[in-house]
Every structure is written in structure tokens, then in C-alpha cells.
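Text of protein-v1.pdb, listed as PDB, C-alpha atoms:
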ATOM      1  CA  MET E 759       0.000   0.000   0.000
ATOM      2  CA  LYS E 760       1.177   3.540  -0.747
ATOM      3  CA  TYR E 761       0.310   6.764   1.099
ATOM      4  CA  LEU E 762       0.541  10.268  -0.355
ATOM      5  CA  ILE E 763       1.681  12.903   2.172
ATOM      6  CA  GLY E 764       1.060  16.635   1.915
ATOM      7  CA  ALA E 765       3.810  18.957   3.142
ATOM      8  CA  ARG E 766       5.395  22.316   2.449
ATOM      9  CA  GLY E 767       8.332  22.303   0.048
ATOM     10  CA  SER E 768      10.788  23.938   2.459
ATOM     11  CA  GLN E 769      13.866  22.005   3.496
ATOM     12  CA  LEU E 770      12.668  21.881   7.105
ATOM     13  CA  SER E 771       9.227  20.613   6.146
ATOM     14  CA  LEU E 772      10.700  17.924   3.887
ATOM     15  CA  ALA E 773      13.196  16.912   6.585
ATOM     16  CA  GLN E 774      10.380  16.610   9.121
ATOM     17  CA  THR E 775       8.216  14.635   6.721
ATOM     18  CA  ASN E 776      11.065  12.279   5.832
ATOM     19  CA  TRP E 777      11.702  11.736   9.538
ATOM     20  CA  VAL E 778       8.026  10.786   9.960
ATOM     21  CA  ILE E 779       8.307   8.412   6.995
ATOM     22  CA  GLU E 780      11.322   6.668   8.523
ATOM     23  CA  GLU E 781       9.507   6.255  11.828
ATOM     24  CA  LEU E 782       6.431   4.863  10.077
ATOM     25  CA  LYS E 783       8.548   2.447   8.036
ATOM     26  CA  ARG E 784      10.007   1.037  11.250
ATOM     27  CA  ALA E 785       6.475   0.300  12.420
ATOM     28  CA  HIS E 786       5.065  -0.765   9.025
ATOM     29  CA  HIS E 787       7.564  -2.607   6.810
ATOM     30  CA  ASP E 788       5.136  -3.199   3.936
ATOM     31  CA  ILE E 789       3.943   0.399   3.338
ATOM     32  CA  GLU E 790       5.316   2.951   0.861
ATOM     33  CA  PHE E 791       5.119   6.723   1.086
ATOM     34  CA  GLU E 792       5.348   9.620  -1.348
ATOM     35  CA  ILE E 793       5.576  13.347  -0.521
ATOM     36  CA  LYS E 794       3.472  15.894  -2.424
ATOM     37  CA  PRO E 795       4.899  19.413  -1.835
ATOM     38  CA  ILE E 796       2.169  22.049  -1.512
ATOM     39  CA  LYS E 797       2.732  25.807  -1.469
ATOM     40  CA  THR E 798       0.995  27.769   1.298
ATOM     41  CA  GLN E 799       0.212  31.449   1.862
ATOM     42  CA  GLY E 800       3.065  31.600   4.357
ATOM     43  CA  ASP E 801       5.483  30.586   1.585
ATOM     44  CA  THR E 802       4.404  33.358  -0.773
ATOM     45  CA  ASP E 803       3.577  36.275   1.569
ATOM     46  CA  SER E 804       6.758  38.197   2.414
ATOM     47  CA  ARG E 805       5.269  40.386   5.151
ATOM     48  CA  PRO E 806       6.426  39.885   8.767
ATOM     49  CA  LEU E 807       4.411  37.001  10.201
ATOM     50  CA  PHE E 808       2.909  39.040  13.036
ATOM     51  CA  THR E 809       1.330  41.515  10.564
ATOM     52  CA  ILE E 810      -0.677  38.823   8.735
ATOM     53  CA  ASP E 811      -4.150  38.761  10.277
ATOM     54  CA  GLN E 812      -4.890  35.136   9.514
ATOM     55  CA  LYS E 813      -4.371  31.821  11.257
ATOM     56  CA  GLY E 814      -2.967  28.708   9.641
ATOM     57  CA  ILE E 815      -0.973  30.473   6.911
ATOM     58  CA  PHE E 816       1.481  27.551   6.764
ATOM     59  CA  GLU E 817      -1.068  24.737   6.775
ATOM     60  CA  LYS E 818      -4.453  25.774   5.348
ATOM     61  CA  GLU E 819      -3.774  24.755   1.734
ATOM     62  CA  ILE E 820      -2.217  21.463   2.804
ATOM     63  CA  ASP E 821      -5.082  20.519   5.112
ATOM     64  CA  LYS E 822      -7.518  21.405   2.326
ATOM     65  CA  ALA E 823      -5.755  18.813   0.161
ATOM     66  CA  VAL E 824      -6.248  16.246   2.936
ATOM     67  CA  ALA E 825      -9.935  17.106   3.301
ATOM     68  CA  GLN E 826     -10.465  16.817  -0.477
ATOM     69  CA  ASN E 827      -8.733  13.409  -0.691
ATOM     70  CA  GLU E 828      -5.847  14.783  -2.745
ATOM     71  CA  VAL E 829      -3.382  13.467  -0.147
ATOM     72  CA  ASP E 830      -3.832  10.919   2.645
ATOM     73  CA  PHE E 831      -2.385  12.931   5.504
ATOM     74  CA  ALA E 832      -0.251  15.999   6.210
ATOM     75  CA  VAL E 833       2.833  16.716   8.323
ATOM     76  CA  HIS E 834       3.143  20.141   9.967
ATOM     77  CA  SER E 835       5.174  21.957  12.589
ATOM     78  CA  LEU E 836       2.552  21.794  15.301
ATOM     79  CA  LYS E 837       2.920  25.422  16.389
ATOM     80  CA  ASP E 838       1.684  26.408  12.890
ATOM     81  CA  VAL E 839      -1.571  24.450  13.285
ATOM     82  CA  PRO E 840      -4.610  26.394  14.610
ATOM     83  CA  SER E 841      -6.253  24.998  17.734
ATOM     84  CA  GLN E 842      -9.447  24.452  15.717
ATOM     85  CA  LEU E 843      -9.222  22.245  12.612
ATOM     86  CA  ASP E 844     -11.740  21.745   9.808
ATOM     87  CA  ASP E 845     -14.658  19.590  10.987
ATOM     88  CA  THR E 846     -13.620  16.767   8.640
ATOM     89  CA  LEU E 847     -10.029  16.590   9.957
ATOM     90  CA  THR E 848      -8.326  15.349  13.104
ATOM     91  CA  LEU E 849      -4.923  15.686  14.746
ATOM     92  CA  ALA E 850      -4.252  11.988  14.209
ATOM     93  CA  CYS E 851      -0.735  11.682  15.602
ATOM     94  CA  ILE E 852       1.860  13.606  17.620
ATOM     95  CA  PRO E 853       5.268  11.871  17.493
ATOM     96  CA  LYS E 854       7.921  12.382  20.166
ATOM     97  CA  ARG E 855       8.626  16.052  20.693
ATOM     98  CA  GLU E 856      12.015  17.699  20.165
ATOM     99  CA  MET E 857      13.580  20.193  22.601
ATOM    100  CA  VAL E 858      11.420  23.300  22.965
ATOM    101  CA  ASN E 859      14.182  25.845  23.657
ATOM    102  CA  ASP E 860      14.994  28.840  21.477
ATOM    103  CA  VAL E 861      18.629  29.482  20.525
ATOM    104  CA  PHE E 862      20.736  32.598  19.899
ATOM    105  CA  ILE E 863      23.040  32.696  16.855
ATOM    106  CA  SER E 864      25.455  35.589  16.348
ATOM    107  CA  SER E 865      28.119  36.476  13.803
ATOM    108  CA  ASP E 866      30.855  36.747  16.453
ATOM    109  CA  ASN E 867      29.618  33.884  18.712
ATOM    110  CA  SER E 868      28.411  36.357  21.339
ATOM    111  CA  SER E 869      25.582  35.286  23.623
ATOM    112  CA  LEU E 870      22.487  37.408  24.195
ATOM    113  CA  ASP E 871      24.026  38.489  27.498
ATOM    114  CA  SER E 872      27.368  39.518  25.992
ATOM    115  CA  ILE E 873      26.467  40.947  22.572
ATOM    116  CA  LYS E 874      27.324  44.631  22.227
ATOM    117  CA  SER E 875      24.786  47.365  22.887
ATOM    118  CA  GLY E 876      22.931  48.520  19.764
ATOM    119  CA  SER E 877      23.252  45.173  17.993
ATOM    120  CA  VAL E 878      20.456  44.271  15.587
ATOM    121  CA  ILE E 879      18.747  40.969  16.401
ATOM    122  CA  GLY E 880      16.328  39.336  13.979
ATOM    123  CA  THR E 881      13.299  37.233  14.829
ATOM    124  CA  SER E 882      10.096  36.207  13.055
ATOM    125  CA  SER E 883       8.212  35.985  16.367
ATOM    126  CA  LEU E 884       6.513  38.691  18.426
ATOM    127  CA  ARG E 885       6.976  36.522  21.491
ATOM    128  CA  ARG E 886      10.726  36.354  20.974
ATOM    129  CA  ALA E 887      10.900  40.058  20.145
ATOM    130  CA  VAL E 888       9.469  41.142  23.485
ATOM    131  CA  GLN E 889      11.490  38.522  25.391
ATOM    132  CA  ILE E 890      14.704  39.786  23.772
ATOM    133  CA  SER E 891      13.816  43.384  24.624
ATOM    134  CA  ARG E 892      12.987  42.485  28.227
ATOM    135  CA  LYS E 893      16.380  40.883  28.707
ATOM    136  CA  ARG E 894      18.394  43.332  26.589
ATOM    137  CA  PRO E 895      16.543  46.666  26.200
ATOM    138  CA  ASP E 896      19.709  48.185  24.695
ATOM    139  CA  VAL E 897      19.589  46.132  21.463
ATOM    140  CA  VAL E 898      17.462  46.648  18.336
ATOM    141  CA  VAL E 899      14.967  43.897  17.428
ATOM    142  CA  LYS E 900      13.859  43.655  13.790
ATOM    143  CA  PRO E 901      11.520  41.214  12.008
ATOM    144  CA  ILE E 902      13.159  38.637   9.749
ATOM    145  CA  ARG E 903      11.687  36.262   7.181
ATOM    146  CA  GLY E 904      12.984  33.282   5.253
ATOM    147  CA  ASN E 905      13.619  29.619   5.965
ATOM    148  CA  ILE E 906      16.012  28.569   8.713
ATOM    149  CA  GLU E 907      19.051  28.434   6.435
ATOM    150  CA  THR E 908      18.282  31.919   5.062
ATOM    151  CA  ARG E 909      17.831  33.383   8.544
ATOM    152  CA  ILE E 910      21.109  31.864   9.717
ATOM    153  CA  ARG E 911      22.916  33.394   6.716
ATOM    154  CA  LYS E 912      21.387  36.768   7.552
ATOM    155  CA  ALA E 913      22.930  36.550  11.027
ATOM    156  CA  TYR E 914      26.302  36.848   9.264
ATOM    157  CA  GLY E 915      25.208  39.610   6.867
ATOM    158  CA  GLU E 916      25.147  43.395   6.974
ATOM    159  CA  ILE E 917      21.706  44.014   8.507
ATOM    160  CA  TYR E 918      21.561  41.594  11.451
ATOM    161  CA  ASP E 919      24.178  40.876  14.106
ATOM    162  CA  ALA E 920      22.292  37.890  15.496
ATOM    163  CA  ILE E 921      19.039  35.936  15.281
ATOM    164  CA  VAL E 922      16.814  33.939  17.620
ATOM    165  CA  LEU E 923      14.987  30.834  16.432
ATOM    166  CA  ALA E 924      13.812  27.413  17.629
ATOM    167  CA  LYS E 925      16.407  24.749  18.383
ATOM    168  CA  ALA E 926      14.141  22.012  17.013
ATOM    169  CA  GLY E 927      14.492  23.222  13.416
ATOM    170  CA  ILE E 928      18.290  23.219  13.579
ATOM    171  CA  THR E 929      18.242  19.725  15.062
ATOM    172  CA  ARG E 930      15.890  18.323  12.423
ATOM    173  CA  LEU E 931      17.935  19.820   9.593
ATOM    174  CA  GLY E 932      21.219  18.707  11.111
ATOM    175  CA  ILE E 933      22.728  22.182  10.652
ATOM    176  CA  ASP E 934      26.231  22.611  12.059
ATOM    177  CA  VAL E 935      26.168  26.109  13.560
ATOM    178  CA  SER E 936      27.336  27.598  16.848
ATOM    179  CA  PHE E 937      24.554  28.804  19.123
ATOM    180  CA  THR E 938      23.696  29.629  22.715
ATOM    181  CA  GLU E 939      20.683  27.813  24.122
ATOM    182  CA  LEU E 940      18.192  30.186  25.752
ATOM    183  CA  SER E 941      16.465  29.187  28.965
ATOM    184  CA  ILE E 942      12.771  28.335  29.036
ATOM    185  CA  GLU E 943      12.408  30.686  32.025
ATOM    186  CA  ASP E 944      13.511  33.703  29.956
ATOM    187  CA  PHE E 945      12.189  32.471  26.593
ATOM    188  CA  SER E 946       8.979  30.585  27.200
ATOM    189  CA  PRO E 947       8.249  28.749  23.914
ATOM    190  CA  SER E 948       5.288  29.075  21.615
ATOM    191  CA  PRO E 949       2.529  26.527  22.387
ATOM    192  CA  GLY E 950       3.373  23.364  20.448
ATOM    193  CA  GLN E 951       6.982  24.363  19.740
ATOM    194  CA  GLY E 952       9.260  21.413  19.006
ATOM    195  CA  ALA E 953       6.386  19.081  18.121
ATOM    196  CA  LEU E 954       5.050  17.727  14.825
ATOM    197  CA  ALA E 955       1.385  17.409  13.913
ATOM    198  CA  ILE E 956       0.087  14.730  11.560
ATOM    199  CA  VAL E 957      -3.381  15.598  10.271
ATOM    200  CA  ALA E 958      -5.733  13.065   8.657
ATOM    201  CA  ARG E 959      -9.414  12.777   7.756
ATOM    202  CA  LYS E 960     -11.648  11.855  10.679
ATOM    203  CA  ASP E 961     -13.357   9.088   8.722
ATOM    204  CA  ASP E 962     -10.094   7.481   7.542
ATOM    205  CA  GLU E 963      -9.765   5.023  10.427
ATOM    206  CA  LYS E 964      -7.219   2.836   8.637
ATOM    207  CA  THR E 965      -4.788   5.729   8.144
ATOM    208  CA  ILE E 966      -5.324   6.985  11.685
ATOM    209  CA  GLN E 967      -4.514   3.564  13.149
ATOM    210  CA  MET E 968      -1.409   3.359  10.977
ATOM    211  CA  LEU E 969      -0.229   6.769  12.219
ATOM    212  CA  LYS E 970      -0.955   5.973  15.877
ATOM    213  CA  LYS E 971       1.947   3.513  15.841
ATOM    214  CA  ILE E 972       4.401   6.426  16.166
ATOM    215  CA  GLU E 973       2.378   8.509  18.638
ATOM    216  CA  ASP E 974       4.212   9.581  21.809
ATOM    217  CA  THR E 975       1.754   9.589  24.704
ATOM    218  CA  ASP E 976       3.517  12.194  26.832
ATOM    219  CA  SER E 977       3.991  14.538  23.877
ATOM    220  CA  ARG E 978       0.282  14.220  23.059
ATOM    221  CA  LEU E 979      -0.731  15.116  26.630
ATOM    222  CA  GLU E 980       1.637  18.084  26.760
ATOM    223  CA  ILE E 981       0.396  19.401  23.423
ATOM    224  CA  GLU E 982      -3.283  18.935  24.292
ATOM    225  CA  SER E 983      -2.744  21.062  27.388
ATOM    226  CA  GLU E 984      -0.911  23.825  25.505
ATOM    227  CA  ARG E 985      -3.480  23.860  22.686
ATOM    228  CA  ALA E 986      -6.347  24.076  25.186
ATOM    229  CA  LEU E 987      -4.674  27.159  26.621
ATOM    230  CA  SER E 988      -4.220  28.684  23.140
ATOM    231  CA  ASP E 989      -7.838  27.991  22.298
ATOM    232  CA  PHE E 990      -9.039  29.614  25.510
ATOM    233  CA  VAL E 991      -7.004  32.848  25.198
ATOM    234  CA  ASP E 992      -7.002  32.872  21.365
ATOM    235  CA  SER E 993      -3.216  33.307  21.254
ATOM    236  CA  GLY E 994      -1.246  33.201  18.024
ATOM    237  CA  CYS E 995       1.296  35.039  15.911
ATOM    238  CA  ARG E 996      -0.303  38.413  16.679
ATOM    239  CA  PHE E 997      -0.589  37.917  20.441
ATOM    240  CA  PRO E 998       2.327  36.001  21.899
ATOM    241  CA  VAL E 999       1.683  33.723  24.852
ATOM    242  CA  GLY E1000       4.514  31.435  25.904
ATOM    243  CA  ALA E1001       3.499  28.006  27.193
ATOM    244  CA  TYR E1002       5.315  24.818  28.102
ATOM    245  CA  ALA E1003       3.694  21.682  29.471
ATOM    246  CA  LYS E1004       5.772  18.864  30.917
ATOM    247  CA  SER E1005       4.723  15.344  31.829
ATOM    248  CA  ASN E1006       6.079  13.955  35.094
ATOM    249  CA  GLY E1007       4.787  10.623  36.390
ATOM    250  CA  ASP E1008       1.014  10.889  36.859
ATOM    251  CA  THR E1009       0.972  14.676  36.709
ATOM    252  CA  LEU E1010       1.218  17.354  34.067
ATOM    253  CA  SER E1011       2.618  20.844  34.708
ATOM    254  CA  LEU E1012       1.954  23.911  32.584
ATOM    255  CA  GLN E1013       4.003  27.132  32.712
ATOM    256  CA  VAL E1014       2.549  30.153  30.924
ATOM    257  CA  SER E1015       3.824  33.691  30.375
ATOM    258  CA  ALA E1016       2.388  36.771  28.666
ATOM    259  CA  PHE E1017       3.818  40.277  28.289
ATOM    260  CA  SER E1018       2.725  43.784  27.432
ATOM    261  CA  VAL E1019       3.894  45.154  24.093
ATOM    262  CA  ASP E1020       6.597  47.229  25.822
ATOM    263  CA  GLY E1021       7.691  44.265  27.945
ATOM    264  CA  LYS E1022       7.150  46.160  31.203
ATOM    265  CA  THR E1023       4.091  44.222  32.354
ATOM    266  CA  SER E1024       4.161  40.444  32.681
ATOM    267  CA  ILE E1025       1.767  37.725  33.757
ATOM    268  CA  TYR E1026       2.892  34.273  34.845
ATOM    269  CA  VAL E1027       0.828  31.182  35.562
ATOM    270  CA  ASN E1028       2.061  27.810  36.839
ATOM    271  CA  LYS E1029      -0.441  24.967  37.018
ATOM    272  CA  THR E1030      -0.203  21.268  37.848
ATOM    273  CA  GLY E1031      -2.908  18.708  37.191
ATOM    274  CA  SER E1032      -3.687  15.129  36.298
ATOM    275  CA  LYS E1033      -2.360  13.638  33.068
ATOM    276  CA  ASN E1034      -5.840  12.237  32.542
ATOM    277  CA  ASP E1035      -7.302  15.667  31.789
ATOM    278  CA  PRO E1036      -4.833  17.893  29.897
ATOM    279  CA  TYR E1037      -7.642  19.983  28.441
ATOM    280  CA  SER E1038      -8.856  21.091  31.883
ATOM    281  CA  LEU E1039      -5.301  22.029  32.866
ATOM    282  CA  GLY E1040      -4.935  24.283  29.825
ATOM    283  CA  LYS E1041      -8.391  25.789  30.342
ATOM    284  CA  SER E1042      -7.650  26.446  34.018
ATOM    285  CA  ALA E1043      -4.385  28.203  33.123
ATOM    286  CA  GLY E1044      -6.268  30.296  30.563
ATOM    287  CA  GLU E1045      -8.887  31.275  33.132
ATOM    288  CA  GLU E1046      -6.177  32.390  35.552
ATOM    289  CA  LEU E1047      -4.514  34.429  32.790
ATOM    290  CA  CYS E1048      -7.828  36.192  32.164
ATOM    291  CA  GLN E1049      -8.289  36.861  35.878
ATOM    292  CA  LYS E1050      -4.834  38.460  35.936
ATOM    293  CA  GLY E1051      -5.670  40.790  33.038
ATOM    294  CA  VAL E1052      -4.313  39.068  29.918
ATOM    295  CA  ASN E1053      -7.086  40.570  27.785
ATOM    296  CA  ASP E1054      -5.707  44.059  28.442
ATOM    297  CA  LEU E1055      -2.292  42.906  27.235
ATOM    298  CA  ALA E1056      -3.855  41.373  24.131
ATOM    299  CA  LEU E1057      -5.574  44.660  23.266
ATOM    300  CA  ASN E1058      -2.276  46.544  23.510
ATOM    301  CA  TRP E1059      -0.580  44.062  21.197
ATOM    302  CA  ARG E1060      -3.309  44.292  18.594
ATOM    303  CA  GLU E1061      -3.194  48.075  18.657
ATOM    304  CA  LYS E1062       0.580  47.999  18.148
ATOM    305  CA  VAL E1063       0.372  45.574  15.237
ATOM    306  CA  GLU E1064      -2.251  47.758  13.588
ATOM    307  CA  GLU E1065       0.197  50.661  13.869
ATOM    308  CA  TRP E1066       2.930  48.564  12.216
ATOM    309  CA  ASN E1067       0.548  47.593   9.416
ATOM    310  CA  LYS E1068      -0.117  51.247   8.601
ATOM    311  CA  LYS E1069       3.594  52.113   8.236
TER     312      LYS E1069
END
Take the structure in the file and write it out as C-alpha cells.
Amino acid sequence: MKYLIGARGSQLSLAQTNWVIEELKRAHHDIEFEIKPIKTQGDTDSRPLFTIDQKGIFEKEIDKAVAQNEVDFAVHSLKDVPSQLDDTLTLACIPKREMVNDVFISSDNSSLDSIKSGSVIGTSSLRRAVQISRKRPDVVVKPIRGNIETRIRKAYGEIYDAIVLAKAGITRLGIDVSFTELSIEDFSPSPGQGALAIVARKDDEKTIQMLKKIEDTDSRLEIESERALSDFVDSGCRFPVGAYAKSNGDTLSLQVSAFSVDGKTSIYVNKTGSKNDPYSLGKSAGEELCQKGVNDLALNWREKVEEWNKK
């Protein structure tokens, strides 16, 4: 039997999809796979990600191909997948998650702590932008676009002195580059960071069962908790909430952070609950965020982004 997989044509997406294929082949020796590259809005729109007022810009076209039976399933970076999927689709499998940390790459091997004042640091993430500014208010943070390889090259160019991006992408691509790992305490990751999402049709039970062979139970529970939080507070590229869930024995912990657009106001939530109900843990963390005033922070962010859009 042969399965057709939808994925973006970027090197990272293809590397992730090929990794999934290898894992599936270990579990199913008699199945073949073929990748169908599909271009998404995120691949063709050159604006900074946080100025695009639309969710799912890296997955919508691919998931549409799944829903219309053009491909059998899709492989995504999970942080790019909206918390609400099309009614005909399901998050069929979450394989073992990679490290969730962000990393700092600079042209002179400086760390974020040691890089000179006034340095220009590139990031594609609002969350990272405010976290950089909170830790180093004396540097300049600018938006950056391009795939991982392109962004790394720009760190050694004329515009940027350094960049911040996710460690998971470097690991999956096997890129040999010097970096400083940033702590989760200072750089709380995007919900779902480091994880892959495999999306299939809800009624395709055979494919779902095939994919479940490479599911990682703890990664699934962690992601379900983080996505429940995202769904509750409606976080995304335009309103950065950092969240990291960690499985430990019979319990699940969830650390959440949110910041004002100037970085001066912060809200932190730490919750622990049963692994049997990750959704309630995420919802509870979201409720506490709201009680602590996260909606006021969200309004400030949206106003700022609207200002950027008008420039």
C-alpha cells in the first residue's frame, strides 16, 4: 500500500516529513510513502508574520488537500496548526517532541548576554521580540523572514548581528552552527513548539490507526494542554503567549507567560494537574490568565500591530 503525504516544500518541512516516513517504516515494513509538496500562503507572503491577520498560513492549503482526498495525511510543525481544525479533519498523531528551547546565533559567537549594545537581532516571532527586549533593552529587534538556512545566513550579513529561532528546526535539519541555548524561564516557547502534527481525515480510520503507531503519549498530553490554553485565550502570531507543558509521572505541569507590548508588564501562571485531563489544565491556566488581566495585554498588542501595518 502507498500513502501520499502533503507537506510544504521547504527544506525543514521535507526533513520533518522524511523523519516521519522513517519512523512509520520502522512500524510498518510493507507500506510505501510519497511526498506531495504544496505551497501555502506563508510561503508566498513576504510580510512579517505578526502583521498577517490570519491563522494557519502555513497549513491551510495542505489541510484542504487532505480534506479533499488529494493526499492521505499531512505533516506540519505543530505550532503552525490552529487549535481548531476543519470539521472533517483530526490531529491523528503527535510523534515524540524535540527540545522546545529557542537558541541565539550571532556572527561573532556572542551570547544574548554579551552581545554589544545597539546590535540588531532578527526574529520572526513577536513573542521572541518582546522577550529579547525584556532581557536586553539596549539592542534593536527587527523582524526577519525566510527559511532557517536563510535566517542563519542573515545573522552573518550586513543588517543583522544575530538571530533567535527554535532549536528544534536546527536539530531536524542537522545544521552545524554555533549557538547559545536560551532558557525556558527567559524564553517561554510558543505553544506546540518542538512538536510535529500529523493531520488526517476523521473518517479514515485505517490511516489513523497506521499513524498511531508512532504517537508519543507524553507529547500528546503536553500538546493537548498547551493547545487548550491557546484555544481559551485565542493566542497566536499576533498575540504572543509562551506556554510549556511537561509530563512527570502521573501529573502534568503547565508554565505560561504573557507580556505587554513594551515588555514592562508580565503575567505568569504555573499549574499542575492530572495527566488524565490535559484539556482542563490548559483551560484552568487560561482562566487564571484572564483573571490576571491578559485581555488588556492582548488589546495593547493588537493596537501595536495595527500601527505597524499602517507604516
Point-to-point distance from CA of Tyr1026 (chain E) to CA of Val839 (chain E), Å rounded to tenths: 24.1 Å
Atom pair CA of Thr1030 (chain E) / CA of Ile956 (chain E): separation (Å):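 A separation of 27.1 Å between them.
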Å distance separating CA of Ser771 (chain E) from CA of Ser868 (chain E), one decimal place: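 So the answer is 29.1 Å.
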Residue neighbourhood region 939-951 of chain E, 6 Å, all atoms listed in the file, exclusion window fewer than 4 positions, as a list in words: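 Using all atoms listed in the file, the neighbours found are Leu836, Lys837, Val858, Asp860, Val861, Ile981, Glu984, Gly1000 and Ala1001 of chain E.
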Output of the PyMOL selection byres ((chain E and resi 919) around 12), listed as an MDAnalysis selection string: chainID E and resid 862:870 873:881 897:900 909:918 920:922
Output of the above residues as a PDB file, in the frame of the given file, restricted to C-alpha atoms:
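That gives us result-v1.pdb:
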ATOM      1  CA  PHE E 862      20.736  32.598  19.899  1.00  0.00           C
ATOM      2  CA  ILE E 863      23.040  32.696  16.855  1.00  0.00           C
ATOM      3  CA  SER E 864      25.455  35.589  16.348  1.00  0.00           C
ATOM      4  CA  SER E 865      28.119  36.476  13.803  1.00  0.00           C
ATOM      5  CA  ASP E 866      30.855  36.747  16.453  1.00  0.00           C
ATOM      6  CA  ASN E 867      29.618  33.884  18.712  1.00  0.00           C
ATOM      7  CA  SER E 868      28.411  36.357  21.339  1.00  0.00           C
ATOM      8  CA  SER E 869      25.582  35.286  23.623  1.00  0.00           C
ATOM      9  CA  LEU E 870      22.487  37.408  24.195  1.00  0.00           C
ATOM     10  CA  ILE E 873      26.467  40.947  22.572  1.00  0.00           C
ATOM     11  CA  LYS E 874      27.324  44.631  22.227  1.00  0.00           C
ATOM     12  CA  SER E 875      24.786  47.365  22.887  1.00  0.00           C
ATOM     13  CA  GLY E 876      22.931  48.520  19.764  1.00  0.00           C
ATOM     14  CA  SER E 877      23.252  45.173  17.993  1.00  0.00           C
ATOM     15  CA  VAL E 878      20.456  44.271  15.587  1.00  0.00           C
ATOM     16  CA  ILE E 879      18.747  40.969  16.401  1.00  0.00           C
ATOM     17  CA  GLY E 880      16.328  39.336  13.979  1.00  0.00           C
ATOM     18  CA  THR E 881      13.299  37.233  14.829  1.00  0.00           C
ATOM     19  CA  VAL E 897      19.589  46.132  21.463  1.00  0.00           C
ATOM     20  CA  VAL E 898      17.462  46.648  18.336  1.00  0.00           C
ATOM     21  CA  VAL E 899      14.967  43.897  17.428  1.00  0.00           C
ATOM     22  CA  LYS E 900      13.859  43.655  13.790  1.00  0.00           C
ATOM     23  CA  ARG E 909      17.831  33.383   8.544  1.00  0.00           C
ATOM     24  CA  ILE E 910      21.109  31.864   9.717  1.00  0.00           C
ATOM     25  CA  ARG E 911      22.916  33.394   6.716  1.00  0.00           C
ATOM     26  CA  LYS E 912      21.387  36.768   7.552  1.00  0.00           C
ATOM     27  CA  ALA E 913      22.930  36.550  11.027  1.00  0.00           C
ATOM     28  CA  TYR E 914      26.302  36.848   9.264  1.00  0.00           C
ATOM     29  CA  GLY E 915      25.208  39.610   6.867  1.00  0.00           C
ATOM     30  CA  GLU E 916      25.147  43.395   6.974  1.00  0.00           C
ATOM     31  CA  ILE E 917      21.706  44.014   8.507  1.00  0.00           C
ATOM     32  CA  TYR E 918      21.561  41.594  11.451  1.00  0.00           C
ATOM     33  CA  ALA E 920      22.292  37.890  15.496  1.00  0.00           C
ATOM     34  CA  ILE E 921      19.039  35.936  15.281  1.00  0.00           C
ATOM     35  CA  VAL E 922      16.814  33.939  17.620  1.00  0.00           C
TER      36      VAL E 922
END
Test item: the PyMOL selection byres ((chain E and resi 987) around 12) resolved as an MDAnalysis selection string: chainID E and resid 841 948:950 980:986 988:994 999:1003 1012:1015 1027 1029 1036:1048
Close residues, region 963-966 of chain E itself excluded, 12 Å, all atoms listed in the file, min 2 positions apart in chain, as number ranges by chain: E: 759-763, 782, 786, 789, 824, 829-832, 847-852, 956-961, 968-973
Pick from E:Lys794, E:Lys854, E:Arg903, E:Lys1022 nearest to Glu828 (chain E), counting all atoms listed in the file: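 Result for the nearest residue to Glu828 (chain E): E:Lys794.
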Please return, as a CSV table (one decimal) with C-alpha atoms, in the coordinates of the input, all polymer residues that have at least one atom within 12 Å of the point (13.2, 20.8, 7.9); use all atoms listed in the file and the file's own coordinate frame.
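Below you can see part_13.csv, which holds the result:
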chain,number,residue,atom,x,y,z
E,765,ALA,CA,3.8,19.0,3.1
E,766,ARG,CA,5.4,22.3,2.4
E,767,GLY,CA,8.3,22.3,0.0
E,768,SER,CA,10.8,23.9,2.5
E,769,GLN,CA,13.9,22.0,3.5
E,770,LEU,CA,12.7,21.9,7.1
E,771,SER,CA,9.2,20.6,6.1
E,772,LEU,CA,10.7,17.9,3.9
E,773,ALA,CA,13.2,16.9,6.6
E,774,GLN,CA,10.4,16.6,9.1
E,775,THR,CA,8.2,14.6,6.7
E,776,ASN,CA,11.1,12.3,5.8
E,777,TRP,CA,11.7,11.7,9.5
E,778,VAL,CA,8.0,10.8,10.0
E,833,VAL,CA,2.8,16.7,8.3
E,834,HIS,CA,3.1,20.1,10.0
E,835,SER,CA,5.2,22.0,12.6
E,905,ASN,CA,13.6,29.6,6.0
E,906,ILE,CA,16.0,28.6,8.7
E,907,GLU,CA,19.1,28.4,6.4
E,924,ALA,CA,13.8,27.4,17.6
E,925,LYS,CA,16.4,24.7,18.4
E,926,ALA,CA,14.1,22.0,17.0
E,927,GLY,CA,14.5,23.2,13.4
E,928,ILE,CA,18.3,23.2,13.6
E,929,THR,CA,18.2,19.7,15.1
E,930,ARG,CA,15.9,18.3,12.4
E,931,LEU,CA,17.9,19.8,9.6
E,932,GLY,CA,21.2,18.7,11.1
E,933,ILE,CA,22.7,22.2,10.7
E,952,GLY,CA,9.3,21.4,19.0
E,954,LEU,CA,5.0,17.7,14.8
Leu1010 (chain E) surroundings by all atoms listed in the file, 7 Å radius, close-in-sequence under 4 positions cut, as a list in words: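 My reading of the contact set: Ala1003, Lys1004, Ser1005, Asn1006, Thr1030, Gly1031, Ser1032 and Lys1033 of chain E.
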Given 8 Å of margin on each side, can you work out the centre and size in Å (one decimal) of an axis-aligned box holding every listed atom of region 896-909 of chain E, as lines of an AutoDock Vina configuration file?
center_x = 15.6
center_y = 38.3
center_z = 14.9
size_x = 24.2
size_y = 35.8
size_z = 35.6
Proximity to Gln889 (chain E) - best of E:Ile820, E:Asp1008, E:Pro840, E:Ser1024, only C-alpha atoms: E:Ser1024
From E:Gly904, E:Pro853, E:Ile779, E:Gly764, residue lying nearest Lys818 (chain E) [all atoms listed in the file]: E:Gly764
E:Lys1050, E:Lys822, E:Lys797, E:Arg892 ranked by distance to Leu843 (chain E), top pick (using only C-alpha atoms):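 For Leu843 (chain E), the nearest of the candidates is E:Lys822.
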